[in-house]
file start_13.txt (compact mmCIF, C-alpha atoms and all ligand atoms)
# COMPACT_ATOMS: atom_id res chain seq x y z
CA MET A 1 -59.50 36.10 -137.76
CA ALA A 2 -60.51 34.16 -134.67
CA LYS A 3 -62.07 30.80 -135.47
CA ILE A 4 -63.10 29.65 -132.04
CA HIS A 5 -66.48 30.72 -130.70
CA GLU A 6 -68.75 29.67 -127.87
CA LEU A 7 -71.71 27.57 -128.88
CA SER A 8 -75.21 28.93 -128.30
CA GLU A 9 -76.95 27.79 -125.12
CA ALA A 10 -79.51 25.85 -127.15
CA LEU A 11 -76.82 23.93 -129.01
CA SER A 12 -74.73 23.16 -125.93
CA ASN A 13 -77.86 21.91 -124.16
CA GLN A 14 -78.59 19.66 -127.09
CA ILE A 15 -75.08 18.26 -126.92
CA ALA A 16 -75.53 17.58 -123.19
CA ALA A 17 -78.87 15.97 -123.95
CA GLY A 18 -76.98 13.47 -126.11
CA GLU A 19 -75.38 12.14 -122.92
CA VAL A 20 -78.20 12.43 -120.43
CA ILE A 21 -81.23 11.69 -122.57
CA GLU A 22 -80.49 8.53 -124.46
CA ARG A 23 -84.05 7.29 -124.88
CA PRO A 24 -87.59 7.91 -123.54
CA ALA A 25 -86.77 5.94 -120.36
CA SER A 26 -84.02 8.48 -119.57
CA VAL A 27 -86.64 11.25 -119.49
CA VAL A 28 -88.86 9.17 -117.21
CA LYS A 29 -85.90 8.48 -114.90
CA GLU A 30 -84.90 12.15 -114.66
CA LEU A 31 -88.44 13.38 -114.06
CA VAL A 32 -89.24 10.72 -111.46
CA GLU A 33 -85.95 11.40 -109.67
CA ASN A 34 -86.84 15.10 -109.56
CA ALA A 35 -90.22 14.22 -108.05
CA ILE A 36 -88.53 12.03 -105.43
CA ASP A 37 -86.08 14.83 -104.59
CA ALA A 38 -89.10 17.14 -104.19
CA HIS A 39 -90.43 14.85 -101.39
CA ALA A 40 -93.42 13.61 -103.38
CA THR A 41 -95.49 10.82 -101.81
CA GLN A 42 -97.48 10.18 -105.00
CA ILE A 43 -95.92 10.04 -108.47
CA ASP A 44 -98.09 9.39 -111.52
CA ILE A 45 -96.50 8.65 -114.86
CA ARG A 46 -98.45 8.63 -118.10
CA ILE A 47 -96.90 7.70 -121.40
CA VAL A 48 -98.16 7.48 -124.96
CA LYS A 49 -96.32 5.53 -127.69
CA ALA A 50 -93.58 4.40 -125.33
CA GLY A 51 -92.85 8.00 -124.43
CA LEU A 52 -92.07 9.20 -127.96
CA ASP A 53 -95.44 10.91 -128.20
CA THR A 54 -95.98 11.92 -124.56
CA ILE A 55 -94.37 11.47 -121.16
CA GLN A 56 -96.15 13.10 -118.27
CA VAL A 57 -94.94 12.92 -114.69
CA THR A 58 -97.15 14.44 -112.01
CA ASP A 59 -96.10 14.70 -108.38
CA ASN A 60 -97.44 16.15 -105.16
CA GLY A 61 -94.03 17.38 -104.05
CA ASP A 62 -92.65 20.79 -103.08
CA GLY A 63 -93.27 22.52 -106.42
CA ILE A 64 -91.10 25.24 -107.96
CA GLU A 65 -91.32 28.90 -106.95
CA GLN A 66 -92.61 31.23 -109.65
CA ASP A 67 -89.28 33.12 -109.70
CA ASP A 68 -87.30 29.90 -110.15
CA VAL A 69 -89.17 28.51 -113.11
CA ASP A 70 -86.96 30.12 -115.80
CA THR A 71 -83.76 29.18 -114.02
CA ALA A 72 -84.84 25.56 -113.61
CA PHE A 73 -84.52 25.12 -117.39
CA LYS A 74 -81.01 26.60 -117.53
CA ARG A 75 -78.05 24.27 -117.79
CA HIS A 76 -76.17 23.62 -114.53
CA ALA A 77 -78.98 25.28 -112.59
CA THR A 78 -79.94 23.34 -109.47
CA SER A 79 -81.38 23.92 -106.02
CA LYS A 80 -79.68 20.78 -104.69
CA ILE A 81 -76.03 21.72 -104.21
CA HIS A 82 -74.32 25.05 -103.58
CA ASP A 83 -70.61 24.55 -103.33
CA ARG A 84 -67.82 22.04 -103.71
CA ASN A 85 -68.38 20.60 -100.25
CA ASP A 86 -71.96 19.76 -101.14
CA LEU A 87 -70.74 17.83 -104.17
CA PHE A 88 -69.16 15.26 -101.87
CA ARG A 89 -72.24 15.03 -99.68
CA VAL A 90 -74.98 14.65 -102.24
CA ARG A 91 -78.09 13.17 -100.64
CA SER A 92 -80.45 14.03 -103.47
CA LEU A 93 -80.73 12.02 -106.68
CA GLY A 94 -80.10 15.09 -108.85
CA PHE A 95 -77.37 17.71 -108.51
CA ARG A 96 -75.99 18.34 -112.02
CA GLY A 97 -78.78 20.67 -113.07
CA GLU A 98 -78.80 19.21 -116.55
CA ALA A 99 -82.00 17.26 -116.97
CA LEU A 100 -84.61 19.94 -117.53
CA ALA A 101 -82.32 21.97 -119.83
CA SER A 102 -81.47 18.85 -121.81
CA ILE A 103 -85.04 17.60 -122.11
CA ALA A 104 -86.37 21.03 -123.10
CA SER A 105 -83.75 21.27 -125.86
CA VAL A 106 -84.96 18.10 -127.61
CA ALA A 107 -88.72 18.14 -126.97
CA ASP A 108 -91.84 20.19 -126.45
CA VAL A 109 -92.22 20.65 -122.70
CA THR A 110 -94.99 22.02 -120.51
CA LEU A 111 -94.37 22.61 -116.83
CA GLU A 112 -97.16 23.28 -114.38
CA THR A 113 -96.03 23.79 -110.85
CA SER A 114 -97.06 25.26 -107.55
CA THR A 115 -95.53 25.51 -104.10
CA GLY A 116 -99.03 25.77 -102.68
CA GLU A 117 -99.64 29.43 -103.46
CA VAL A 118 -100.03 30.72 -106.99
CA GLY A 119 -99.01 28.27 -109.69
CA THR A 120 -96.99 28.79 -112.86
CA ALA A 121 -97.31 27.23 -116.30
CA VAL A 122 -94.55 27.38 -118.93
CA HIS A 123 -94.38 26.04 -122.43
CA ILE A 124 -90.89 25.58 -123.82
CA LYS A 125 -89.87 23.94 -127.08
CA GLY A 126 -86.41 23.29 -128.46
CA GLY A 127 -85.10 25.41 -125.59
CA ASP A 128 -87.25 28.48 -126.38
CA ILE A 129 -89.88 29.69 -123.94
CA LEU A 130 -93.09 30.07 -125.95
CA ASP A 131 -95.45 31.01 -123.17
CA GLN A 132 -95.49 31.55 -119.44
CA HIS A 133 -98.51 32.44 -117.32
CA LEU A 134 -99.89 32.14 -113.82
CA GLU A 135 -102.32 29.34 -113.25
CA ALA A 136 -104.18 27.85 -110.34
CA VAL A 137 -102.71 24.40 -109.84
CA ARG A 138 -102.52 22.27 -106.75
CA LYS A 139 -99.23 21.92 -104.90
CA GLY A 140 -96.75 19.85 -106.82
CA THR A 141 -95.40 19.62 -110.31
CA ALA A 142 -96.55 18.18 -113.62
CA LEU A 143 -94.08 17.98 -116.49
CA THR A 144 -95.36 16.99 -119.89
CA VAL A 145 -92.83 16.10 -122.55
CA ARG A 146 -94.12 15.77 -126.10
CA ASP A 147 -92.46 14.91 -129.42
CA LEU A 148 -89.21 13.76 -127.87
CA PHE A 149 -86.23 14.04 -130.26
CA TYR A 150 -88.34 15.97 -132.82
CA ASN A 151 -85.27 18.08 -133.68
CA THR A 152 -82.61 15.37 -133.37
CA PRO A 153 -83.40 12.93 -136.20
CA ALA A 154 -80.28 10.84 -135.63
CA ARG A 155 -81.35 10.10 -132.06
CA LEU A 156 -84.87 9.34 -133.13
CA LYS A 157 -83.55 6.75 -135.58
CA TYR A 158 -81.54 5.11 -132.84
CA VAL A 159 -84.65 4.58 -130.71
CA LYS A 160 -85.82 0.97 -130.82
CA SER A 161 -89.35 -0.46 -131.16
CA TYR A 162 -92.17 0.81 -128.93
CA GLN A 163 -92.05 -2.51 -127.14
CA THR A 164 -88.35 -2.19 -126.28
CA GLU A 165 -88.68 1.44 -125.21
CA LEU A 166 -91.70 0.63 -123.07
CA ALA A 167 -89.77 -2.22 -121.43
CA HIS A 168 -86.97 0.22 -120.52
CA ILE A 169 -89.49 2.61 -118.99
CA VAL A 170 -91.22 -0.10 -116.97
CA ASP A 171 -87.83 -1.35 -115.82
CA ILE A 172 -86.60 1.97 -114.45
CA VAL A 173 -89.93 2.79 -112.79
CA ASN A 174 -89.99 -0.67 -111.18
CA ARG A 175 -86.56 -0.17 -109.69
CA LEU A 176 -87.21 3.35 -108.45
CA ALA A 177 -90.47 2.14 -106.90
CA MET A 178 -88.61 -0.68 -105.08
CA GLY A 179 -86.08 1.86 -103.83
CA HIS A 180 -88.90 4.06 -102.51
CA PRO A 181 -91.65 1.85 -101.10
CA GLN A 182 -93.00 4.85 -99.16
CA ILE A 183 -93.98 6.54 -102.44
CA ALA A 184 -97.13 5.50 -104.34
CA PHE A 185 -96.32 5.12 -108.03
CA THR A 186 -98.61 4.63 -110.99
CA LEU A 187 -97.48 4.06 -114.55
CA LYS A 188 -100.11 4.14 -117.27
CA ASN A 189 -99.95 3.98 -121.02
CA GLU A 190 -102.61 3.85 -123.75
CA HIS A 191 -103.21 0.17 -122.92
CA GLY A 192 -103.90 0.73 -119.23
CA VAL A 193 -102.13 0.53 -115.90
CA GLN A 194 -98.62 -0.94 -116.19
CA LEU A 195 -97.64 -0.50 -112.56
CA LYS A 196 -99.24 0.58 -109.33
CA THR A 197 -97.65 0.55 -105.91
CA ALA A 198 -99.39 1.36 -102.66
CA GLY A 199 -96.71 3.55 -101.10
CA THR A 200 -97.24 2.09 -97.64
CA GLY A 201 -93.50 1.74 -97.02
CA ASP A 202 -93.74 -2.07 -97.06
CA LEU A 203 -91.06 -3.28 -99.50
CA GLN A 204 -92.38 -6.83 -99.79
CA GLN A 205 -95.80 -5.49 -100.75
CA THR A 206 -94.16 -3.21 -103.32
CA ILE A 207 -92.28 -6.16 -104.77
CA ALA A 208 -95.52 -8.16 -104.89
CA GLY A 209 -97.05 -5.34 -106.95
CA ILE A 210 -94.15 -5.48 -109.37
CA TYR A 211 -93.02 -9.11 -109.67
CA GLY A 212 -96.25 -10.73 -108.46
CA VAL A 213 -97.38 -12.29 -105.19
CA SER A 214 -95.91 -15.71 -105.94
CA VAL A 215 -92.43 -14.21 -106.29
CA ALA A 216 -92.83 -12.01 -103.21
CA GLN A 217 -93.77 -15.09 -101.14
CA LYS A 218 -90.47 -16.75 -101.98
CA LEU A 219 -88.36 -13.89 -100.69
CA LEU A 220 -86.48 -13.68 -97.43
CA PRO A 221 -85.90 -10.38 -95.66
CA VAL A 222 -82.25 -9.51 -95.10
CA HIS A 223 -80.63 -6.96 -92.88
CA GLY A 224 -76.98 -6.28 -92.28
CA GLU A 225 -74.89 -3.46 -90.96
CA THR A 226 -71.38 -2.30 -90.26
CA PRO A 227 -70.32 1.12 -88.95
CA ASP A 228 -70.19 2.28 -92.59
CA PHE A 229 -73.14 0.54 -94.21
CA GLU A 230 -76.71 -0.45 -93.62
CA LEU A 231 -78.33 -3.02 -95.86
CA ASP A 232 -82.01 -3.93 -96.08
CA GLY A 233 -83.97 -5.83 -98.65
CA TYR A 234 -85.18 -9.17 -99.89
CA VAL A 235 -83.43 -12.12 -101.49
CA SER A 236 -85.10 -15.08 -103.17
CA LEU A 237 -84.93 -18.63 -101.90
CA PRO A 238 -82.51 -20.61 -104.10
CA GLU A 239 -85.49 -22.43 -105.63
CA LEU A 240 -86.68 -19.17 -107.19
CA THR A 241 -84.28 -18.20 -109.93
CA ARG A 242 -84.36 -16.37 -113.23
CA ALA A 243 -82.40 -16.72 -116.45
CA SER A 244 -81.01 -13.18 -116.26
CA ARG A 245 -79.49 -10.72 -113.80
CA GLN A 246 -82.35 -8.32 -114.58
CA TYR A 247 -84.06 -9.21 -111.32
CA ILE A 248 -81.22 -7.95 -109.17
CA SER A 249 -81.69 -4.35 -108.05
CA LEU A 250 -79.14 -2.43 -106.04
CA LEU A 251 -80.05 0.96 -104.70
CA ILE A 252 -77.49 3.12 -102.96
CA ASN A 253 -79.03 5.90 -100.90
CA GLY A 254 -82.19 5.53 -103.01
CA ARG A 255 -80.34 5.65 -106.33
CA TYR A 256 -80.59 2.66 -108.65
CA VAL A 257 -77.05 1.77 -109.69
CA LYS A 258 -75.24 -0.92 -111.65
CA ASN A 259 -72.21 -2.41 -110.00
CA THR A 260 -70.49 -5.57 -111.19
CA GLN A 261 -68.52 -6.21 -108.00
CA LEU A 262 -71.59 -5.99 -105.77
CA ASN A 263 -73.58 -8.19 -108.16
CA LYS A 264 -70.80 -10.76 -107.89
CA ALA A 265 -71.02 -10.55 -104.09
CA ILE A 266 -74.74 -11.35 -104.27
CA ILE A 267 -74.13 -14.40 -106.45
CA ALA A 268 -71.25 -15.44 -104.17
CA GLY A 269 -73.64 -15.24 -101.21
CA TYR A 270 -75.66 -18.03 -102.82
CA GLY A 271 -72.49 -20.14 -103.19
CA SER A 272 -73.26 -23.42 -104.92
CA LYS A 273 -77.01 -23.05 -104.39
CA LEU A 274 -77.55 -21.53 -107.83
CA MET A 275 -77.32 -23.47 -111.04
CA VAL A 276 -75.01 -22.11 -113.70
CA GLY A 277 -76.75 -19.47 -115.76
CA ARG A 278 -79.48 -18.91 -113.14
CA TYR A 279 -79.80 -15.76 -111.04
CA PRO A 280 -81.75 -14.87 -107.93
CA VAL A 281 -84.34 -12.14 -107.42
CA VAL A 282 -82.69 -9.63 -105.09
CA ILE A 283 -83.59 -6.12 -104.00
CA LEU A 284 -81.06 -4.43 -101.76
CA ASN A 285 -81.41 -0.93 -100.42
CA LEU A 286 -78.03 0.25 -99.15
CA GLN A 287 -77.58 3.30 -96.98
CA MET A 288 -74.22 4.91 -96.40
CA ASP A 289 -72.54 8.22 -95.75
CA PRO A 290 -72.56 10.11 -99.07
CA LEU A 291 -68.84 10.73 -98.52
CA LEU A 292 -68.31 7.06 -99.37
CA VAL A 293 -70.03 7.28 -102.77
CA ASP A 294 -68.81 9.34 -105.68
CA VAL A 295 -71.91 9.86 -107.80
CA ASN A 296 -70.19 12.31 -110.11
CA VAL A 297 -68.73 9.65 -112.39
CA HIS A 298 -71.19 9.47 -115.23
CA PRO A 299 -73.81 11.94 -116.56
CA THR A 300 -76.65 9.49 -115.99
CA LYS A 301 -75.25 8.60 -112.51
CA ARG A 302 -75.93 4.94 -113.25
CA GLU A 303 -72.40 4.07 -112.21
CA VAL A 304 -70.97 5.28 -108.94
CA ARG A 305 -67.55 4.88 -107.34
CA LEU A 306 -67.49 3.41 -103.85
CA SER A 307 -64.51 4.06 -101.63
CA LYS A 308 -65.05 0.93 -99.53
CA GLU A 309 -66.43 -1.35 -102.21
CA ALA A 310 -64.61 -4.48 -100.98
CA ASP A 311 -66.03 -4.05 -97.46
CA LEU A 312 -69.52 -3.59 -98.81
CA ALA A 313 -69.14 -6.66 -101.05
CA LYS A 314 -68.13 -8.69 -97.99
CA LEU A 315 -71.14 -7.48 -96.01
CA ILE A 316 -73.52 -8.35 -98.87
CA GLN A 317 -72.06 -11.80 -99.39
CA ALA A 318 -72.01 -12.63 -95.67
CA THR A 319 -75.55 -11.33 -95.06
CA ILE A 320 -77.01 -13.42 -97.87
CA ARG A 321 -74.99 -16.52 -97.00
CA THR A 322 -76.03 -16.38 -93.34
CA LYS A 323 -79.68 -15.87 -94.22
CA LEU A 324 -79.74 -18.83 -96.61
CA ALA A 325 -77.87 -21.04 -94.11
CA GLN A 326 -80.47 -20.25 -91.43
CA GLN A 327 -83.19 -21.10 -93.90
CA ASN A 328 -81.71 -24.54 -94.48
CA LEU A 329 -82.18 -25.33 -90.80
CA ILE A 330 -85.91 -24.71 -90.96
CA PRO A 331 -87.94 -27.77 -91.96
CA ASP A 332 -89.86 -27.31 -95.21
CA ALA A 333 -93.19 -27.63 -93.44
CA LEU A 334 -92.53 -24.54 -91.34
CA ARG A 335 -91.21 -22.32 -94.10
CA ASN A 336 -93.04 -19.14 -95.02
CA GLN A 337 -95.24 -19.31 -91.97
P1 LIG B 1 -81.17 18.65 -110.78
O1 LIG B 1 -82.20 17.63 -110.48
O2 LIG B 1 -79.83 18.04 -111.05
O3 LIG B 1 -81.10 19.75 -109.78
P2 LIG B 1 -82.86 19.31 -113.05
O4 LIG B 1 -82.55 19.95 -114.35
O5 LIG B 1 -83.40 17.95 -113.07
O6 LIG B 1 -81.53 19.37 -112.18
O7 LIG B 1 -83.87 20.24 -112.26
C1 LIG B 1 -83.52 21.61 -112.01
C2 LIG B 1 -84.19 22.12 -110.75
O8 LIG B 1 -85.60 22.25 -110.97
C3 LIG B 1 -84.05 21.22 -109.54
O9 LIG B 1 -82.84 21.47 -108.83
C4 LIG B 1 -85.30 21.59 -108.72
O10 LIG B 1 -85.06 22.72 -107.93
C5 LIG B 1 -86.32 21.96 -109.79
N1 LIG B 1 -87.24 20.84 -110.07
C6 LIG B 1 -87.22 20.02 -111.15
N2 LIG B 1 -88.23 19.13 -111.10
C7 LIG B 1 -88.92 19.38 -109.97
C8 LIG B 1 -90.08 18.80 -109.34
N3 LIG B 1 -90.73 17.76 -109.88
N4 LIG B 1 -90.51 19.35 -108.18
C9 LIG B 1 -89.86 20.40 -107.61
N5 LIG B 1 -88.76 20.97 -108.15
C10 LIG B 1 -88.30 20.49 -109.31
MG MG B 2 -82.91 16.25 -111.83

call {"tool": "encode", "arguments": {"input": "start_13.txt", "output": "structure tokens", "more": "lines below"}}
Ligand code: ADP
Ligand code: MG
result
Amino acid sequence: MAKIHELSEALSNQIAAGEVIERPASVVKELVENAIDAHATQIDIRIVKAGLDTIQVTDNGDGIEQDDVDTAFKRHATSKIHDRNDLFRVRSLGFRGEALASIASVADVTLETSTGEVGTAVHIKGGDILDQHLEAVRKGTALTVRDLFYNTPARLKYVKSYQTELAHIVDIVNRLAMGHPQIAFTLKNEHGVQLKTAGTGDLQQTIAGIYGVSVAQKLLPVHGETPDFELDGYVSLPELTRASRQYISLLINGRYVKNTQLNKAIIAGYGSKLMVGRYPVVILNLQMDPLLVDVNVHPTKREVRLSKEADLAKLIQATIRTKLAQQNLIPDALRNQ
């Protein structure tokens, strides 16, 4: 008798969720990235109990067509790529079509969405659609995720304290907000507003909203380009340092990524200006042809593979070094004027 069988859709989604949805912050990341891909200019995030009770992300983006709502929750269902060629030219943050299916398999999810005409509301729990009806909602999408990991007790146990989970959420929203200064973000929890950015497109102002005005005042704007890359952002004066690398944010085509080589290039740009164990505050938005970035390396897309990483590292190091060298030539009295 045959022993091998295909797993049910619900179970395979739950297995995928194990990779994509590690903790409440992963849900926030996926939902905010979807809102960004939908061209939202305002993204409001509301969380209760560090996201374990409720995560709600509301955007004013494109919305989802009524006929697409069911498909959106299917695994590997996406509107963002069509064929193999698209996979190498991904401009959107999403493309794997896994997030909604994964989230809906481990939580109680309500989607309210409208493309501007009639709106749709769906309630889906543990992967099963419980209710779907038409509803008048304004253009955009609101996803509400309740009781995360209610049916995956092992994952729930792995989740850390509310404080730690909240810190992870604030961290990812901060970085996405700095990568998208043209979008107004709010993050609220039961204790009040945790983050609010104006969405004016001014990165320094966005940074001031996140790290505070006194930090933002000690930042220098940087710009660099080669035929392959364009780099824009802010780097701190050597006098403003932190005890961890946490305050370095690299965004590639709007995607927050971790990259050891590029981090090293940033530190190298400071040369001997940093004390051992101290790190600068740096926000770099890097733009490049998507053909140069392989984003299909890891399910969470946190790590990417760059085909000209050494060239990019050189550009980063040189841009920062030149900026800081120029700064040294300016007398203290004239700085920051
Ligand atoms: P992916 O982002 O990789 O395409 P998701 O599972 O995150 O996969 O989303 C599935 C699809 O649902 C998206 O391709 C998009 O068409 C639609 N979608 C999800 N969230 C939103 C949103 N906030 N606004 C508009 N469309 C959305
Ligand atoms: Mg997505």

call {"tool": "residues_near_ligand", "arguments": {"input": "start_13.txt", "ligand": "ligand MG 2 (chain B)", "cutoff": "10 Å", "atoms": "all atoms listed in the file", "output": "list in words"}}
result
Val27, Lys29, Glu30, Leu31, Val32, Glu33, Asn34, Ala35, Ile36, Asp37, Ala38, Ala72, Ala77, Thr78, Ser79, Lys80, Ser92, Leu93, Gly94, Phe95, Arg96, Gly97, Glu98, Ala99, Leu100 and Ala101 of chain A

call {"tool": "residues_around", "arguments": {"input": "start_13.txt", "residues": "Leu315 in chain A", "least_positions_apart": "4", "cutoff": "12 Å", "atoms": "all atoms listed in the file", "output": "tab-separated table (two decimals) with C-alpha atoms, keeping the file's coordinate frame"}}
result
chain	number	residue	atom	x	y	z
A	222	VAL	CA	-82.25	-9.51	-95.10
A	223	HIS	CA	-80.63	-6.96	-92.88
A	224	GLY	CA	-76.98	-6.28	-92.28
A	225	GLU	CA	-74.89	-3.46	-90.96
A	226	THR	CA	-71.38	-2.30	-90.26
A	227	PRO	CA	-70.32	1.12	-88.95
A	228	ASP	CA	-70.19	2.28	-92.59
A	229	PHE	CA	-73.14	0.54	-94.21
A	230	GLU	CA	-76.71	-0.45	-93.62
A	231	LEU	CA	-78.33	-3.02	-95.86
A	232	ASP	CA	-82.01	-3.93	-96.08
A	262	LEU	CA	-71.59	-5.99	-105.77
A	265	ALA	CA	-71.02	-10.55	-104.09
A	266	ILE	CA	-74.74	-11.35	-104.27
A	268	ALA	CA	-71.25	-15.44	-104.17
A	269	GLY	CA	-73.64	-15.24	-101.21
A	284	LEU	CA	-81.06	-4.43	-101.76
A	286	LEU	CA	-78.03	0.25	-99.15
A	308	LYS	CA	-65.05	0.93	-99.53
A	309	GLU	CA	-66.43	-1.35	-102.21
A	310	ALA	CA	-64.61	-4.48	-100.98
A	311	ASP	CA	-66.03	-4.05	-97.46
A	319	THR	CA	-75.55	-11.33	-95.06
A	320	ILE	CA	-77.01	-13.42	-97.87
A	321	ARG	CA	-74.99	-16.52	-97.00
A	322	THR	CA	-76.03	-16.38	-93.34

call {"tool": "atom_distance", "arguments": {"input": "start_13.txt", "atom1": "CA of Val90 in chain A", "atom2": "atom N3 of ligand LIG 1 (chain B)"}}
result
17.8 Å

call {"tool": "closest_residue", "arguments": {"input": "start_13.txt", "among": "A:Asn174, A:Asn85, A:Thr71, A:Thr164", "to": "ligand LIG 1 (chain B)", "atoms": "all atoms listed in the file"}}
result
A:Thr71

call {"tool": "closest_residue", "arguments": {"input": "start_13.txt", "among": "A:Gln66, A:Val193, A:Arg245, A:Pro181", "to": "Glu135 in chain A", "atoms": "all atoms listed in the file"}}
result
A:Gln66

call {"tool": "closest_residue", "arguments": {"input": "start_13.txt", "among": "A:His133, A:Arg46, A:Lys125, A:Lys264", "to": "Phe73 in chain A", "atoms": "all atoms listed in the file"}}
result
A:Lys125

call {"tool": "closest_residue", "arguments": {"input": "start_13.txt", "among": "A:Gln287, A:Ser236, A:Asn60, A:Gln42", "to": "Leu324 in chain A", "atoms": "all atoms listed in the file"}}
result
A:Ser236

call {"tool": "atom_distance", "arguments": {"input": "start_13.txt", "atom1": "CA of Ile43 in chain A", "atom2": "CA of Thr58 in chain A"}}
result
5.8 Å

call {"tool": "residues_around", "arguments": {"input": "start_13.txt", "residues": "Ile210 in chain A", "least_positions_apart": "3", "cutoff": "9 Å", "atoms": "only C-alpha atoms", "output": "list of chain:residue names"}}
result
A:Asn174, A:Ala177, A:Met178, A:Leu195, A:Lys196, A:Thr197, A:Gln205, A:Thr206, A:Ile207, A:Val213

call {"tool": "closest_residue", "arguments": {"input": "start_13.txt", "among": "A:Asp44, A:Asp147, A:Glu165, A:Glu65", "to": "Leu134 in chain A", "atoms": "only C-alpha atoms"}}
result
A:Glu65

call {"tool": "atom_distance", "arguments": {"input": "start_13.txt", "atom1": "CA of Arg23 in chain A", "atom2": "CA of His180 in chain A"}}
result
23.1 Å

call {"tool": "closest_residue", "arguments": {"input": "start_13.txt", "among": "A:Leu251, A:Leu237, A:Leu203, A:Ile169", "to": "Gln182 in chain A", "atoms": "all atoms listed in the file"}}
result
A:Leu203

call {"tool": "residues_around", "arguments": {"input": "start_13.txt", "residues": "range 275-277 of chain A", "least_positions_apart": "3", "cutoff": "9 Å", "atoms": "only C-alpha atoms", "output": "list in words"}}
result
Thr241, Arg242, Ala243, Ser244 and Ser272 of chain A
